[in-house]
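This is data-v2.pdb (PDB, C-alpha atoms).
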ATOM      1  CA  MET X   1    -159.657 -99.008  14.302
ATOM      2  CA  PRO X   2    -160.707 -95.531  15.509
ATOM      3  CA  ILE X   3    -164.268 -94.768  16.531
ATOM      4  CA  SER X   4    -165.903 -92.143  14.343
ATOM      5  CA  SER X   5    -167.665 -89.227  15.993
ATOM      6  CA  ASP X   6    -170.077 -89.287  13.035
ATOM      7  CA  ILE X   7    -172.053 -91.895  14.990
ATOM      8  CA  VAL X   8    -173.206 -89.233  17.469
ATOM      9  CA  GLY X   9    -176.964 -88.842  17.125
ATOM     10  CA  LEU X  10    -177.534 -92.315  15.688
ATOM     11  CA  THR X  11    -180.325 -94.407  17.211
ATOM     12  CA  GLY X  12    -180.462 -98.185  17.017
ATOM     13  CA  GLU X  13    -183.359-100.595  16.684
ATOM     14  CA  PRO X  14    -185.422-100.933  19.866
ATOM     15  CA  ILE X  15    -185.293-104.099  21.941
ATOM     16  CA  THR X  16    -188.223-105.459  23.984
ATOM     17  CA  HIS X  17    -188.258-107.591  27.129
ATOM     18  CA  GLU X  18    -190.938-109.131  29.300
ATOM     19  CA  ILE X  19    -190.039-108.807  32.959
ATOM     20  CA  ASP X  20    -190.857-111.964  34.877
ATOM     21  CA  GLY X  21    -191.086-112.345  38.625
ATOM     22  CA  ASP X  22    -188.145-114.737  38.898
ATOM     23  CA  TRP X  23    -185.883-112.183  37.226
ATOM     24  CA  VAL X  24    -186.936-109.420  39.619
ATOM     25  CA  THR X  25    -186.599-111.613  42.708
ATOM     26  CA  ALA X  26    -183.256-113.150  41.704
ATOM     27  CA  TYR X  27    -181.683-109.765  41.052
ATOM     28  CA  SER X  28    -182.788-108.281  44.370
ATOM     29  CA  THR X  29    -181.591-111.355  46.243
ATOM     30  CA  ALA X  30    -178.193-111.307  44.511
ATOM     31  CA  VAL X  31    -177.514-107.738  45.684
ATOM     32  CA  ALA X  32    -178.791-108.206  49.252
ATOM     33  CA  ALA X  33    -182.030-106.266  48.860
ATOM     34  CA  SER X  34    -185.656-106.938  49.684
ATOM     35  CA  ALA X  35    -187.329-108.910  46.900
ATOM     36  CA  ALA X  36    -190.693-107.260  47.534
ATOM     37  CA  THR X  37    -190.134-104.801  44.658
ATOM     38  CA  ALA X  38    -187.710-104.524  41.763
ATOM     39  CA  HIS X  39    -184.308-103.222  42.794
ATOM     40  CA  PRO X  40    -183.752 -99.601  41.650
ATOM     41  CA  LEU X  41    -180.786-100.702  39.500
ATOM     42  CA  PHE X  42    -182.757-103.518  37.830
ATOM     43  CA  PRO X  43    -182.881-101.633  34.482
ATOM     44  CA  VAL X  44    -179.279-102.736  33.842
ATOM     45  CA  CYS X  45    -180.690-106.224  33.261
ATOM     46  CA  PHE X  46    -182.757-105.336  30.207
ATOM     47  CA  GLU X  47    -180.343-102.625  29.009
ATOM     48  CA  TRP X  48    -177.269-104.889  28.746
ATOM     49  CA  PRO X  49    -178.333-106.755  25.546
ATOM     50  CA  ILE X  50    -178.300-103.416  23.695
ATOM     51  CA  PHE X  51    -174.488-103.526  23.754
ATOM     52  CA  LEU X  52    -174.261-107.025  22.289
ATOM     53  CA  ASP X  53    -175.832-106.335  18.886
ATOM     54  CA  PRO X  54    -174.891-103.576  16.394
ATOM     55  CA  ARG X  55    -178.529-103.368  15.297
ATOM     56  CA  HIS X  56    -179.332-101.855  18.687
ATOM     57  CA  ILE X  57    -176.254 -99.624  19.058
ATOM     58  CA  PRO X  58    -174.588 -98.637  15.764
ATOM     59  CA  THR X  59    -171.009 -97.943  16.894
ATOM     60  CA  GLY X  60    -169.422 -99.266  13.701
ATOM     61  CA  LEU X  61    -166.769-101.042  15.781
ATOM     62  CA  THR X  62    -165.454-104.549  15.187
ATOM     63  CA  PRO X  63    -166.130-107.273  17.798
ATOM     64  CA  GLY X  64    -162.480-107.049  18.827
ATOM     65  CA  ASP X  65    -162.737-103.304  19.434
ATOM     66  CA  LEU X  66    -166.008-103.709  21.310
ATOM     67  CA  PHE X  67    -164.176-106.057  23.683
ATOM     68  CA  ARG X  68    -161.968-103.108  24.665
ATOM     69  CA  GLY X  69    -164.974-101.325  26.155
ATOM     70  CA  VAL X  70    -165.001-100.625  29.904
ATOM     71  CA  HIS X  71    -168.113 -99.329  31.661
ATOM     72  CA  VAL X  72    -166.939 -96.168  33.454
ATOM     73  CA  THR X  73    -169.993 -93.982  34.148
ATOM     74  CA  HIS X  74    -173.615 -94.727  34.925
ATOM     75  CA  ASP X  75    -176.488 -92.300  35.486
ATOM     76  CA  LEU X  76    -179.999 -93.717  35.815
ATOM     77  CA  ALA X  77    -183.247 -91.762  36.130
ATOM     78  CA  ILE X  78    -186.222 -93.896  37.243
ATOM     79  CA  HIS X  79    -189.566 -92.573  36.040
ATOM     80  CA  ARG X  80    -191.855 -95.274  37.438
ATOM     81  CA  PRO X  81    -191.392 -98.421  39.549
ATOM     82  CA  ILE X  82    -190.686-101.619  37.626
ATOM     83  CA  ARG X  83    -193.042-104.552  38.216
ATOM     84  CA  ALA X  84    -193.087-108.189  37.238
ATOM     85  CA  GLY X  85    -195.330-108.651  34.231
ATOM     86  CA  MET X  86    -194.311-105.396  32.533
ATOM     87  CA  THR X  87    -193.255-105.317  28.895
ATOM     88  CA  VAL X  88    -190.517-102.747  28.323
ATOM     89  CA  THR X  89    -188.884-101.458  25.159
ATOM     90  CA  THR X  90    -185.439 -99.834  25.206
ATOM     91  CA  THR X  91    -183.841 -97.673  22.517
ATOM     92  CA  ALA X  92    -180.206 -96.506  22.456
ATOM     93  CA  THR X  93    -179.008 -93.157  21.117
ATOM     94  CA  ILE X  94    -175.309 -92.260  20.963
ATOM     95  CA  THR X  95    -175.033 -88.771  22.490
ATOM     96  CA  SER X  96    -171.287 -88.148  22.714
ATOM     97  CA  VAL X  97    -167.897 -89.386  21.514
ATOM     98  CA  GLU X  98    -164.784 -87.810  23.021
ATOM     99  CA  SER X  99    -161.064 -88.501  23.074
ATOM    100  CA  ARG X 100    -159.734 -89.293  26.542
ATOM    101  CA  ARG X 101    -156.259 -90.202  27.744
ATOM    102  CA  ALA X 102    -157.229 -93.874  28.130
ATOM    103  CA  GLY X 103    -159.070 -94.092  24.818
ATOM    104  CA  ALA X 104    -162.362 -93.103  23.202
ATOM    105  CA  TYR X 105    -165.231 -92.233  25.545
ATOM    106  CA  GLN X 106    -168.739 -92.932  24.261
ATOM    107  CA  LEU X 107    -171.921 -91.842  26.055
ATOM    108  CA  VAL X 108    -175.180 -93.593  25.193
ATOM    109  CA  ARG X 109    -178.686 -92.621  26.282
ATOM    110  CA  LEU X 110    -180.967 -95.593  26.877
ATOM    111  CA  ASP X 111    -184.673 -94.731  26.842
ATOM    112  CA  THR X 112    -187.086 -97.358  28.166
ATOM    113  CA  ALA X 113    -190.886 -97.209  27.963
ATOM    114  CA  ASP X 114    -193.681 -99.585  28.945
ATOM    115  CA  ALA X 115    -196.216-101.180  26.594
ATOM    116  CA  GLU X 116    -198.354 -98.018  26.671
ATOM    117  CA  GLY X 117    -195.397 -95.819  25.805
ATOM    118  CA  HIS X 118    -195.008 -94.318  29.277
ATOM    119  CA  PRO X 119    -191.374 -93.575  30.243
ATOM    120  CA  VAL X 120    -189.917 -96.150  32.665
ATOM    121  CA  ALA X 121    -186.213 -95.294  32.868
ATOM    122  CA  THR X 122    -183.512 -93.229  31.188
ATOM    123  CA  THR X 123    -179.867 -94.231  31.562
ATOM    124  CA  TRP X 124    -176.733 -92.442  30.407
ATOM    125  CA  PHE X 125    -174.174 -95.229  29.985
ATOM    126  CA  GLY X 126    -170.534 -94.231  29.524
ATOM    127  CA  VAL X 127    -167.889 -96.545  28.030
ATOM    128  CA  ILE X 128    -164.169 -96.069  27.442
ATOM    129  CA  TYR X 129    -162.826 -98.058  24.488
ATOM    130  CA  ARG X 130    -159.267 -98.498  25.689
ATOM    131  CA  GLY X 131    -156.558 -97.502  23.225
ATOM    132  CA  LEU X 132    -158.947 -96.340  20.488
ATOM    133  CA  ASP X 133    -158.630 -92.956  18.816
ATOM    134  CA  VAL X 134    -161.512 -90.715  17.778
ATOM    135  CA  ALA X 135    -161.880 -89.951  14.085
ATOM    136  CA  GLY X 136    -163.542 -86.632  13.233
ATOM    137  CA  GLY X 137    -162.906 -84.870  16.522
ATOM    138  CA  ASP X 138    -164.962 -84.779  19.704
ATOM    139  CA  ARG X 139    -168.698 -84.423  19.166
ATOM    140  CA  SER X 140    -171.718 -84.261  21.480
ATOM    141  CA  LEU X 141    -175.414 -83.607  21.175
ATOM    142  CA  GLU X 142    -176.750 -80.553  22.961
ATOM    143  CA  ASN X 143    -177.600 -81.649  26.518
ATOM    144  CA  ALA X 144    -175.795 -84.939  25.860
ATOM    145  CA  GLY X 145    -176.262 -86.076  29.460
ATOM    146  CA  PRO X 146    -176.444 -84.920  33.073
ATOM    147  CA  VAL X 147    -173.334 -83.711  34.859
ATOM    148  CA  LEU X 148    -172.230 -85.601  37.970
ATOM    149  CA  GLU X 149    -170.504 -83.359  40.479
ATOM    150  CA  PRO X 150    -167.439 -84.617  42.407
ATOM    151  CA  LEU X 151    -168.045 -86.017  45.871
ATOM    152  CA  PRO X 152    -167.812 -83.316  48.563
ATOM    153  CA  THR X 153    -164.684 -83.457  50.690
ATOM    154  CA  ASN X 154    -166.366 -82.229  53.873
ATOM    155  CA  GLY X 155    -167.140 -84.654  56.715
ATOM    156  CA  GLY X 156    -170.331 -86.347  57.807
ATOM    157  CA  PHE X 157    -169.751 -89.665  56.065
ATOM    158  CA  THR X 158    -170.545 -92.994  57.744
ATOM    159  CA  SER X 159    -168.568 -96.143  56.878
ATOM    160  CA  VAL X 160    -170.470 -99.403  56.367
ATOM    161  CA  PRO X 161    -168.856-102.749  55.404
ATOM    162  CA  ILE X 162    -170.115-104.762  52.446
ATOM    163  CA  SER X 163    -169.081-108.426  52.323
ATOM    164  CA  VAL X 164    -168.516-109.825  48.847
ATOM    165  CA  ALA X 165    -168.556-113.624  48.592
ATOM    166  CA  ALA X 166    -166.147-115.617  46.434
ATOM    167  CA  ASP X 167    -168.956-116.542  44.029
ATOM    168  CA  ALA X 168    -170.694-113.155  44.012
ATOM    169  CA  SER X 169    -169.934-112.407  40.351
ATOM    170  CA  VAL X 170    -171.330-115.747  39.183
ATOM    171  CA  ILE X 171    -174.483-115.340  41.275
ATOM    172  CA  TYR X 172    -174.937-111.799  39.962
ATOM    173  CA  ALA X 173    -174.456-112.851  36.334
ATOM    174  CA  GLU X 174    -177.106-115.559  36.598
ATOM    175  CA  ALA X 175    -179.539-113.343  38.509
ATOM    176  CA  ALA X 176    -179.150-110.342  36.211
ATOM    177  CA  ARG X 177    -178.901-112.472  33.045
ATOM    178  CA  ILE X 178    -175.811-110.447  32.181
ATOM    179  CA  TRP X 179    -172.985-112.722  31.086
ATOM    180  CA  ASN X 180    -169.390-111.601  30.539
ATOM    181  CA  PRO X 181    -166.755-114.327  30.969
ATOM    182  CA  ILE X 182    -164.187-112.053  32.593
ATOM    183  CA  HIS X 183    -166.513-112.064  35.614
ATOM    184  CA  THR X 184    -167.405-115.753  35.614
ATOM    185  CA  ASP X 185    -164.635-117.746  33.904
ATOM    186  CA  ALA X 186    -161.319-117.907  35.789
ATOM    187  CA  ALA X 187    -159.429-118.927  32.623
ATOM    188  CA  VAL X 188    -160.644-115.828  30.781
ATOM    189  CA  ALA X 189    -159.676-113.600  33.719
ATOM    190  CA  GLU X 190    -156.220-115.197  33.867
ATOM    191  CA  ALA X 191    -155.737-114.732  30.108
ATOM    192  CA  ALA X 192    -156.506-111.037  30.610
ATOM    193  CA  GLY X 193    -153.718-110.851  33.195
ATOM    194  CA  LEU X 194    -155.988-110.592  36.221
ATOM    195  CA  PRO X 195    -155.302-112.374  39.534
ATOM    196  CA  GLY X 196    -158.909-113.560  39.767
ATOM    197  CA  LEU X 197    -162.492-112.901  38.762
ATOM    198  CA  LEU X 198    -163.760-109.333  38.878
ATOM    199  CA  LEU X 199    -167.024-108.322  40.486
ATOM    200  CA  GLN X 200    -169.223-106.493  37.998
ATOM    201  CA  GLY X 201    -169.288-102.732  38.464
ATOM    202  CA  THR X 202    -173.077-102.692  38.446
ATOM    203  CA  ALA X 203    -173.058-105.415  41.118
ATOM    204  CA  THR X 204    -170.882-103.234  43.353
ATOM    205  CA  LEU X 205    -173.171-100.270  42.693
ATOM    206  CA  ALA X 206    -176.340-102.284  43.330
ATOM    207  CA  MET X 207    -174.985-103.635  46.639
ATOM    208  CA  ALA X 208    -174.147-100.077  47.697
ATOM    209  CA  VAL X 209    -177.625 -98.863  46.756
ATOM    210  CA  SER X 210    -179.192-101.707  48.768
ATOM    211  CA  ARG X 211    -177.306-100.621  51.881
ATOM    212  CA  ILE X 212    -177.995 -96.909  51.381
ATOM    213  CA  VAL X 213    -181.722 -97.524  51.010
ATOM    214  CA  ALA X 214    -181.684 -99.674  54.154
ATOM    215  CA  GLU X 215    -179.545 -97.244  56.170
ATOM    216  CA  ARG X 216    -181.058 -93.918  55.099
ATOM    217  CA  PHE X 217    -184.555 -94.574  53.773
ATOM    218  CA  ASP X 218    -185.966 -97.459  55.830
ATOM    219  CA  GLY X 219    -185.705 -99.879  52.921
ATOM    220  CA  ASP X 220    -188.135 -97.923  50.712
ATOM    221  CA  ALA X 221    -186.581 -98.685  47.322
ATOM    222  CA  LYS X 222    -189.732 -97.579  45.460
ATOM    223  CA  SER X 223    -188.867 -93.941  46.206
ATOM    224  CA  VAL X 224    -185.494 -93.974  44.422
ATOM    225  CA  SER X 225    -185.549 -91.649  41.401
ATOM    226  CA  ARG X 226    -181.877 -91.383  40.382
ATOM    227  CA  ILE X 227    -178.655 -93.359  40.796
ATOM    228  CA  ALA X 228    -175.378 -92.062  39.389
ATOM    229  CA  ALA X 229    -171.719 -92.993  39.824
ATOM    230  CA  ARG X 230    -168.314 -93.373  38.238
ATOM    231  CA  PHE X 231    -166.593 -96.762  38.266
ATOM    232  CA  GLY X 232    -162.953 -97.003  39.285
ATOM    233  CA  ALA X 233    -160.838 -99.609  41.091
ATOM    234  CA  MET X 234    -161.383-103.303  40.389
ATOM    235  CA  VAL X 235    -163.061-105.511  42.994
ATOM    236  CA  PHE X 236    -161.815-109.075  43.418
ATOM    237  CA  MET X 237    -163.502-111.791  45.468
ATOM    238  CA  PRO X 238    -163.872-112.608  48.254
ATOM    239  CA  SER X 239    -163.421-109.190  49.824
ATOM    240  CA  THR X 240    -164.907-106.684  52.226
ATOM    241  CA  LEU X 241    -165.687-103.311  50.728
ATOM    242  CA  THR X 242    -166.210-100.059  52.593
ATOM    243  CA  LEU X 243    -169.274 -98.021  51.685
ATOM    244  CA  ARG X 244    -168.990 -94.372  52.753
ATOM    245  CA  ILE X 245    -172.449 -92.786  52.981
ATOM    246  CA  GLY X 246    -173.062 -89.073  53.374
ATOM    247  CA  PRO X 247    -176.051 -87.580  55.163
ATOM    248  CA  ALA X 248    -179.424 -87.409  53.415
ATOM    249  CA  VAL X 249    -179.971 -83.790  52.328
ATOM    250  CA  ASP X 250    -183.307 -82.969  50.665
ATOM    251  CA  GLY X 251    -183.638 -86.589  49.554
ATOM    252  CA  ALA X 252    -180.123 -86.828  48.093
ATOM    253  CA  VAL X 253    -177.229 -88.928  49.383
ATOM    254  CA  ARG X 254    -173.627 -88.842  48.155
ATOM    255  CA  PHE X 255    -171.475 -91.965  48.528
ATOM    256  CA  GLU X 256    -168.402 -93.905  47.463
ATOM    257  CA  VAL X 257    -167.177 -97.508  47.745
ATOM    258  CA  LEU X 258    -163.596 -98.446  48.598
ATOM    259  CA  GLU X 259    -161.979-101.803  47.813
ATOM    260  CA  PRO X 260    -159.770-103.392  50.528
ATOM    261  CA  GLY X 261    -156.631-101.606  49.294
ATOM    262  CA  GLY X 262    -158.317 -98.216  49.573
ATOM    263  CA  GLY X 263    -158.953 -97.715  45.863
ATOM    264  CA  LYS X 264    -162.285 -96.171  44.901
ATOM    265  CA  ALA X 265    -164.390 -98.810  43.179
ATOM    266  CA  ILE X 266    -167.317 -96.353  43.074
ATOM    267  CA  ARG X 267    -166.588 -92.625  42.903
ATOM    268  CA  ASP X 268    -168.841 -89.571  43.066
ATOM    269  CA  GLY X 269    -171.913 -91.661  43.874
ATOM    270  CA  LEU X 270    -175.342 -90.031  44.040
ATOM    271  CA  LEU X 271    -178.717 -91.450  45.070
ATOM    272  CA  ILE X 272    -181.900 -89.351  45.041
ATOM    273  CA  ILE X 273    -185.362 -90.243  46.297
ATOM    274  CA  HIS X 274    -188.752 -88.620  45.635
ATOM    275  CA  THR X 275    -189.467 -86.231  48.492
ATOM    276  CA  ASP X 276    -193.074 -85.336  47.618
TER     277      ASP X 276
END
How would this structure read if it were set down as structure tokens?
Amino acid sequence: MPISSDIVGLTGEPITHEIDGDWVTAYSTAVAASAATAHPLFPVCFEWPIFLDPRHIPTGLTPGDLFRGVHVTHDLAIHRPIRAGMTVTTTATITSVESRRAGAYQLVRLDTADAEGHPVATTWFGVIYRGLDVAGGDRSLENAGPVLEPLPTNGGFTSVPISVAADASVIYAEAARIWNPIHTDAAVAEAAGLPGLLLQGTATLAMAVSRIVAERFDGDAKSVSRIAARFGAMVFMPSTLTLRIGPAVDGAVRFEVLEPGGGKAIRDGLLIIHTD
């Protein structure tokens, strides 16, 4: 069935999570980061359940159509560091529906606040529903989301290897508490026509962020204020990825991640830290 652009502007029921220390530590460990503080990409852990229940994100799609969804863009603004013991509440608002060559593109804004109502994180989460049409024409809210500029083509990039273990997707799923069988069940991957399990896109992004923070910012993950990227080529396991890191300019670093065949698993990456 097509996805209706009438859903733009709809907001779902909020969802609340308590963040425990084991969750924070397991996630950081799974993506090769220091477990002293929550990893900057940790919000994906409490945001994921939004997409599993139509009460929280009113797309109007059937379960079969939802299965067609592929996470293609991610843009996270971090307003305050996440700590174990926090209670966070996340609300999803659909900000854009557009027709793309591969299918229907949907952009969702995820707003998370702490128990006192202070902003914690805002994520713009883009999904392509493969093969679906858009009913009602393209529609977007004003200021639907930030614009991510293409990666510069000039030099100055440093290449850093990232080793991905054969069981990395399973470890990540358990640590993040994000379960999707195409990443953890070989039979499901085979039925989908894949030669093996896929590493989660957010796992690839989190591993890249871990290395960038270590290489450019002395491991100070608390200073990260924005992470943005487009997802591209699939990553199978085991493999060695190539992270290309640009220079830090006014607290901003551009990057990309290549899979062994040279395909861009992460494109147009951006990481920004607080400079004040």
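Taking CA of Val170 (chain X) as the reference point, CA of Trp23 (chain X) is found at 15.1 Å.
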Carefully work through the PyMOL selection byres ((chain X and resi 157-166) around 9) for this structure and note down the residues it includes, as number ranges by chain. X: 154-156, 167-170, 197, 199, 204, 207-208, 211, 236-247, 254-255
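With all atoms listed in the file as the atoms that count, the minimum distance from Thr62 (chain X) to the choices X:Val209, X:Met1, X:Leu198, X:Ala32 is reached by X:Met1.
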Just how far from CA of Ser96 (chain X) is CA of Gly117 (chain X), in Å to one decimal? 25.5 Å
In Å, with one decimal, what is the gap from CA of Ser223 (chain X) to CA of Phe42 (chain X)? 14.1 Å
Can you pull out every residue within 10 Å of Ser140 (chain X), counting all atoms listed in the file, but drop anything in the same chain fewer than 6 positions away, and send it as a PyMOL selection string? chain X and resi 5-6+8-9+94-98+106-107
Show me, as a Markdown table, the residues of region 30-149 of chain X having an atom within 7 Å of region 175-187 of chain X, each with the closest atom pair and its distance in Å, using all atoms listed in the file.
| residue | atom | partner | partner_atom | distance |
| --- | --- | --- | --- | --- |
| X:Ala30 | CA | X:Ala175 | CA | 6.5 |
| X:Cys45 | CA | X:Ala176 | CA | 5.3 |
| X:Trp48 | CA | X:Ile178 | CA | 6.7 |
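Once all atoms listed in the file are considered, the residues situated within 7 Å of the file point (-155.7, -99.4, 25.8) turn out to be Ala102, Gly103, Arg130, Gly131 and Leu132 of chain X.
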Which residue, X:Pro2, X:Pro14, X:Gly85, X:Gly232, has the smallest gap to Gly262 (chain X) when you use only C-alpha atoms? X:Gly232
Result set of the PyMOL selection byres ((chain X and resi 271) around 6) on the coordinates above, as JSON, numbers by chain: {"X": [226, 227, 252, 253, 270, 272]}
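Near Ser34 (chain X), within a cut-off of 10 Å and counting all atoms listed in the file, sit the residues Thr25, Tyr27, Ser28, Ser210, Ala214, Gly219, Asp220 and Ala221 of chain X, with same-chain residues fewer than 6 positions away left out.
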Around all the atoms of region 150-157 of chain X listed in the file, with 4 Å of room on each side, what axis-aligned box do you get, giving centre and edge lengths in Å to one decimal, as JSON?
{"center_x": -167.5, "center_y": -85.9, "center_z": 50.1, "size_x": 13.6, "size_y": 15.4, "size_z": 23.4}
Reference answer for the PyMOL selection byres ((chain X and resi 229) around 10), as a list in words: Val72, Thr73, His74, Asp75, Leu76, Leu148, Glu149, Pro150, Leu151, Thr202, Leu205, Ile227, Ala228, Arg230, Phe231, Gly232, Arg254, Phe255, Glu256, Ala265, Ile266, Arg267, Asp268, Gly269, Leu270 and Leu271 of chain X
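Proximity ranking of X:His39, X:Phe125, X:His56, X:Leu110 relative to Val213 (chain X) places X:His39 first, based on only C-alpha atoms.
Among X:Pro43, X:Gly12, X:Gly126, X:Pro63, the residue with the shortest atom-to-atom distance to Ala92 (chain X), counting only C-alpha atoms, is X:Gly12.
Distances from X:Thr59, X:Ser99, X:Thr93, X:Ser225 to Ala144 (chain X) were compared using all atoms listed in the file, and the smallest one belongs to X:Thr93.
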